[in-house]
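Asker: Next comes start_34.pdb, PDB, C-alpha atoms, pLDDT in the B column:
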```pdb
ATOM      1  CA  GLN Z  15     121.093 192.139  60.406  1.00 90.00           C
ATOM      2  CA  VAL Z  16     121.956 189.514  57.803  1.00 93.00           C
ATOM      3  CA  HIS Z  17     119.516 189.480  54.906  1.00 96.00           C
ATOM      4  CA  LEU Z  18     119.785 187.054  51.982  1.00 97.00           C
ATOM      5  CA  VAL Z  19     117.340 187.036  49.079  1.00 98.00           C
ATOM      6  CA  GLU Z  20     117.438 184.251  46.519  1.00 98.00           C
ATOM      7  CA  SER Z  21     115.831 184.386  43.076  1.00 98.00           C
ATOM      8  CA  GLY Z  22     115.920 182.719  39.678  1.00 98.00           C
ATOM      9  CA  GLY Z  23     114.186 179.456  40.417  1.00 97.00           C
ATOM     10  CA  GLY Z  24     111.420 177.977  38.310  1.00 97.00           C
ATOM     11  CA  LEU Z  25     110.223 174.999  36.327  1.00 98.00           C
ATOM     12  CA  VAL Z  26     112.711 173.479  33.901  1.00 98.00           C
ATOM     13  CA  GLN Z  27     112.813 170.298  31.845  1.00 98.00           C
ATOM     14  CA  PRO Z  28     115.407 167.595  32.508  1.00 98.00           C
ATOM     15  CA  GLY Z  29     118.655 168.548  30.839  1.00 98.00           C
ATOM     16  CA  GLY Z  30     117.888 172.231  31.150  1.00 98.00           C
ATOM     17  CA  SER Z  31     119.678 175.060  32.913  1.00 98.00           C
ATOM     18  CA  LEU Z  32     118.933 177.773  35.438  1.00 98.00           C
ATOM     19  CA  ARG Z  33     120.906 180.570  37.054  1.00 98.00           C
ATOM     20  CA  LEU Z  34     120.140 181.427  40.642  1.00 98.00           C
ATOM     21  CA  SER Z  35     121.063 184.705  42.313  1.00 98.00           C
ATOM     22  CA  CYS Z  36     121.374 185.710  45.954  1.00 98.00           C
ATOM     23  CA  VAL Z  37     121.566 189.335  47.047  1.00 98.00           C
ATOM     24  CA  ALA Z  38     123.171 189.884  50.438  1.00 97.00           C
ATOM     25  CA  SER Z  39     122.793 192.817  52.809  1.00 95.00           C
ATOM     26  CA  GLY Z  40     123.421 193.661  56.437  1.00 94.00           C
ATOM     27  CA  PHE Z  41     127.012 192.437  56.413  1.00 93.00           C
ATOM     28  CA  THR Z  42     130.171 192.785  54.336  1.00 92.00           C
ATOM     29  CA  LEU Z  43     129.858 189.986  51.790  1.00 94.00           C
ATOM     30  CA  SER Z  44     133.509 190.219  50.748  1.00 94.00           C
ATOM     31  CA  GLY Z  45     134.571 189.083  54.208  1.00 95.00           C
ATOM     32  CA  TYR Z  46     132.807 185.731  54.106  1.00 96.00           C
ATOM     33  CA  SER Z  47     132.953 182.419  52.373  1.00 97.00           C
ATOM     34  CA  MET Z  48     129.426 181.703  51.227  1.00 98.00           C
ATOM     35  CA  HIS Z  49     127.467 178.546  50.524  1.00 98.00           C
ATOM     36  CA  TRP Z  50     124.512 177.199  48.626  1.00 98.00           C
ATOM     37  CA  VAL Z  51     122.385 174.531  50.265  1.00 98.00           C
ATOM     38  CA  ARG Z  52     119.161 172.891  49.138  1.00 98.00           C
ATOM     39  CA  GLN Z  53     116.237 170.992  50.561  1.00 98.00           C
ATOM     40  CA  ALA Z  54     114.431 168.417  48.464  1.00 97.00           C
ATOM     41  CA  PRO Z  55     110.837 167.458  49.286  1.00 94.00           C
ATOM     42  CA  GLY Z  56     110.714 165.394  52.459  1.00 95.00           C
ATOM     43  CA  LYS Z  57     114.476 165.583  53.032  1.00 97.00           C
ATOM     44  CA  GLY Z  58     116.893 167.571  55.147  1.00 96.00           C
ATOM     45  CA  LEU Z  59     119.193 170.349  54.061  1.00 97.00           C
ATOM     46  CA  GLU Z  60     121.966 169.304  51.700  1.00 97.00           C
ATOM     47  CA  TRP Z  61     125.137 171.357  51.298  1.00 98.00           C
ATOM     48  CA  ILE Z  62     126.057 171.749  47.636  1.00 97.00           C
ATOM     49  CA  SER Z  63     128.745 174.405  47.213  1.00 98.00           C
ATOM     50  CA  VAL Z  64     131.071 176.948  48.815  1.00 98.00           C
ATOM     51  CA  ILE Z  65     133.094 179.854  47.476  1.00 98.00           C
ATOM     52  CA  SER Z  66     135.900 181.721  49.216  1.00 98.00           C
ATOM     53  CA  PRO Z  67     135.702 185.500  49.739  1.00 97.00           C
ATOM     54  CA  ASP Z  68     138.026 186.164  46.783  1.00 96.00           C
ATOM     55  CA  SER Z  69     136.478 183.470  44.546  1.00 97.00           C
ATOM     56  CA  ARG Z  70     139.821 181.661  44.272  1.00 97.00           C
ATOM     57  CA  SER Z  71     138.585 178.558  46.028  1.00 97.00           C
ATOM     58  CA  LYS Z  72     135.401 176.628  45.346  1.00 98.00           C
ATOM     59  CA  ALA Z  73     134.105 173.229  46.329  1.00 98.00           C
ATOM     60  CA  TYR Z  74     131.073 171.198  45.363  1.00 98.00           C
ATOM     61  CA  ALA Z  75     129.129 168.214  46.582  1.00 98.00           C
ATOM     62  CA  ASP Z  76     129.602 165.117  44.453  1.00 98.00           C
ATOM     63  CA  SER Z  77     125.923 165.269  43.502  1.00 97.00           C
ATOM     64  CA  VAL Z  78     126.421 168.534  41.577  1.00 98.00           C
ATOM     65  CA  LYS Z  79     130.128 168.515  40.687  1.00 98.00           C
ATOM     66  CA  GLY Z  80     130.708 169.187  37.005  1.00 97.00           C
ATOM     67  CA  ARG Z  81     127.162 170.500  36.509  1.00 98.00           C
ATOM     68  CA  PHE Z  82     126.875 173.451  38.897  1.00 98.00           C
ATOM     69  CA  THR Z  83     129.138 176.497  39.096  1.00 98.00           C
ATOM     70  CA  MET Z  84     129.135 178.973  41.963  1.00 98.00           C
ATOM     71  CA  SER Z  85     130.365 182.530  41.538  1.00 98.00           C
ATOM     72  CA  ARG Z  86     130.128 185.889  43.251  1.00 98.00           C
ATOM     73  CA  ASP Z  87     130.316 189.609  42.568  1.00 97.00           C
ATOM     74  CA  ASN Z  88     131.287 191.310  45.811  1.00 97.00           C
ATOM     75  CA  ALA Z  89     130.807 194.765  44.297  1.00 96.00           C
ATOM     76  CA  LYS Z  90     127.155 193.876  43.692  1.00 97.00           C
ATOM     77  CA  ASN Z  91     126.769 191.934  46.967  1.00 97.00           C
ATOM     78  CA  THR Z  92     125.525 189.018  44.890  1.00 98.00           C
ATOM     79  CA  LEU Z  93     126.146 185.296  44.668  1.00 98.00           C
ATOM     80  CA  TYR Z  94     125.270 183.104  41.711  1.00 98.00           C
ATOM     81  CA  LEU Z  95     124.679 179.434  41.058  1.00 98.00           C
ATOM     82  CA  GLU Z  96     124.779 178.327  37.437  1.00 98.00           C
ATOM     83  CA  MET Z  97     123.031 174.960  37.129  1.00 98.00           C
ATOM     84  CA  ASN Z  98     123.332 172.830  34.002  1.00 98.00           C
ATOM     85  CA  SER Z  99     122.226 169.328  33.019  1.00 98.00           C
ATOM     86  CA  LEU Z 100     119.470 169.449  35.593  1.00 98.00           C
ATOM     87  CA  ASN Z 101     117.681 166.249  36.526  1.00 97.00           C
ATOM     88  CA  THR Z 102     114.671 165.417  38.672  1.00 97.00           C
ATOM     89  CA  ASP Z 103     116.912 164.826  41.708  1.00 97.00           C
ATOM     90  CA  ASP Z 104     117.775 168.526  41.620  1.00 98.00           C
ATOM     91  CA  THR Z 105     114.204 169.490  42.473  1.00 98.00           C
ATOM     92  CA  ALA Z 106     114.462 171.405  45.744  1.00 98.00           C
ATOM     93  CA  ILE Z 107     114.314 174.760  47.445  1.00 98.00           C
ATOM     94  CA  TYR Z 108     117.708 176.408  47.035  1.00 98.00           C
ATOM     95  CA  TYR Z 109     119.178 178.711  49.677  1.00 98.00           C
ATOM     96  CA  CYS Z 110     122.306 180.794  49.923  1.00 97.00           C
ATOM     97  CA  SER Z 111     123.855 180.657  53.345  1.00 97.00           C
ATOM     98  CA  GLN Z 112     126.638 182.048  55.480  1.00 95.00           C
ATOM     99  CA  ASP Z 113     127.390 178.581  56.772  1.00 94.00           C
ATOM    100  CA  ARG Z 114     127.611 175.018  55.514  1.00 95.00           C
ATOM    101  CA  LYS Z 115     124.637 173.827  57.556  1.00 95.00           C
ATOM    102  CA  GLY Z 116     122.308 176.560  56.336  1.00 92.00           C
ATOM    103  CA  ALA Z 117     121.668 178.002  59.778  1.00 93.00           C
ATOM    104  CA  ILE Z 118     121.821 181.537  58.369  1.00 93.00           C
ATOM    105  CA  ARG Z 119     120.046 181.509  55.026  1.00 94.00           C
ATOM    106  CA  GLY Z 120     117.467 183.326  52.952  1.00 93.00           C
ATOM    107  CA  GLN Z 121     113.881 182.372  52.181  1.00 95.00           C
ATOM    108  CA  GLY Z 122     114.936 180.225  49.260  1.00 97.00           C
ATOM    109  CA  THR Z 123     113.921 179.832  45.634  1.00 98.00           C
ATOM    110  CA  GLN Z 124     112.083 176.793  44.290  1.00 98.00           C
ATOM    111  CA  VAL Z 125     113.623 174.773  41.485  1.00 98.00           C
ATOM    112  CA  THR Z 126     111.445 172.114  39.894  1.00 98.00           C
ATOM    113  CA  VAL Z 127     112.850 169.791  37.248  1.00 98.00           C
ATOM    114  CA  SER Z 128     110.089 167.986  35.424  1.00 97.00           C
ATOM    115  CA  SER Z 129     109.006 167.042  31.937  1.00 94.00           C
TER     116      SER Z 129
END
```
Please express what this file holds, its structure, as structure tokens.
Answerer:
Amino acid sequence: QVHLVESGGGLVQPGGSLRLSCVASGFTLSGYSMHWVRQAPGKGLEWISVISPDSRSKAYADSVKGRFTMSRDNAKNTLYLEMNSLNTDDTAIYYCSQDRKGAIRGQGTQVTVSS
């Protein structure tokens, strides 16, 4: 059974940084491209990034390109999302997911950007 557990969220001031983690279990992480998606208050899920199984290929939504960096450590069954230059529009619950639409995702971690 797929199990994804996100952590690392919190309250941060505009311009600040956070690093999110996602520990995967129940499947062989190294065999999958993985995604991060987010859901802002009152909005639907937004895809923000994808990484290939070998980390050679990555892609980002325009809204986070140049500020967020996704990485993975298959040996540790863990994904990461380094977030820099955060702004209030980044306030959301962040999920790691096996798919772009977030159909298979964890419970999420809250990120709040506020002064």
Asker: Translate the PyMOL selection byres ((chain Z and resi 24) around 7) into a concrete residue list for this structure, as a list in words.
Answerer: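 This file, filtered by the PyMOL selection byres ((chain Z and resi 24) around 7), leaves Gly22, Gly23, Leu25, Val26, Gln124, Val125 and Thr126 of chain Z.
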Asker: Using the chain letters and residue numbers of this document, give as a PyMOL selection string the residues selected by the PyMOL selection byres ((chain Z and resi 75-83) around 9).
Answerer: chain Z and resi 60-63+72-74+84-85+94-100+104
Asker: From the list Z:Leu59, Z:Leu32, Z:Leu18, Z:Ala89, which residue is nearest Ser44 of chain Z when using all atoms listed in the file?
Answerer: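 Looking only at the distances to Ser44 of chain Z, the closest residue turns out to be Z:Ala89.
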Asker: Find the spatial neighbours of Lys57 of chain Z, counting all atoms listed in the file, within a cut-off of 12 Å - ignore same-chain residues fewer than 6 positions away - and output them as a list in words.
Answerer: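 Counting all atoms listed in the file, the residues come to Asp103, Thr105, Ala106 and Ile107 of chain Z.
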Asker: Record the distance separating atom CA of Val64 of chain Z and atom CA of Gln27 of chain Z, expressed in Å with one decimal.
Answerer: 25.8 Å
Asker: For the provided coordinates, the residues matched by the PyMOL selection byres ((chain Z and resi 93) around 12) should be stated as a PyMOL selection string.
Answerer: chain Z and resi 18-22+33-39+43-44+46-50+63-67+69+83-92+94-96+109-112
Asker: By how many Å are atom CA of Val51 of chain Z and atom CA of Tyr108 of chain Z apart?
Answerer: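 Taking atom CA of Val51 of chain Z and atom CA of Tyr108 of chain Z, their separation equals 6.0 Å.
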Asker: Please measure the separation of atom CA of Pro28 of chain Z and atom CA of Ser128 of chain Z, giving the value in Å to one decimal.
Answerer: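 Spanning atom CA of Pro28 of chain Z to atom CA of Ser128 of chain Z is a straight-line distance of 6.1 Å.
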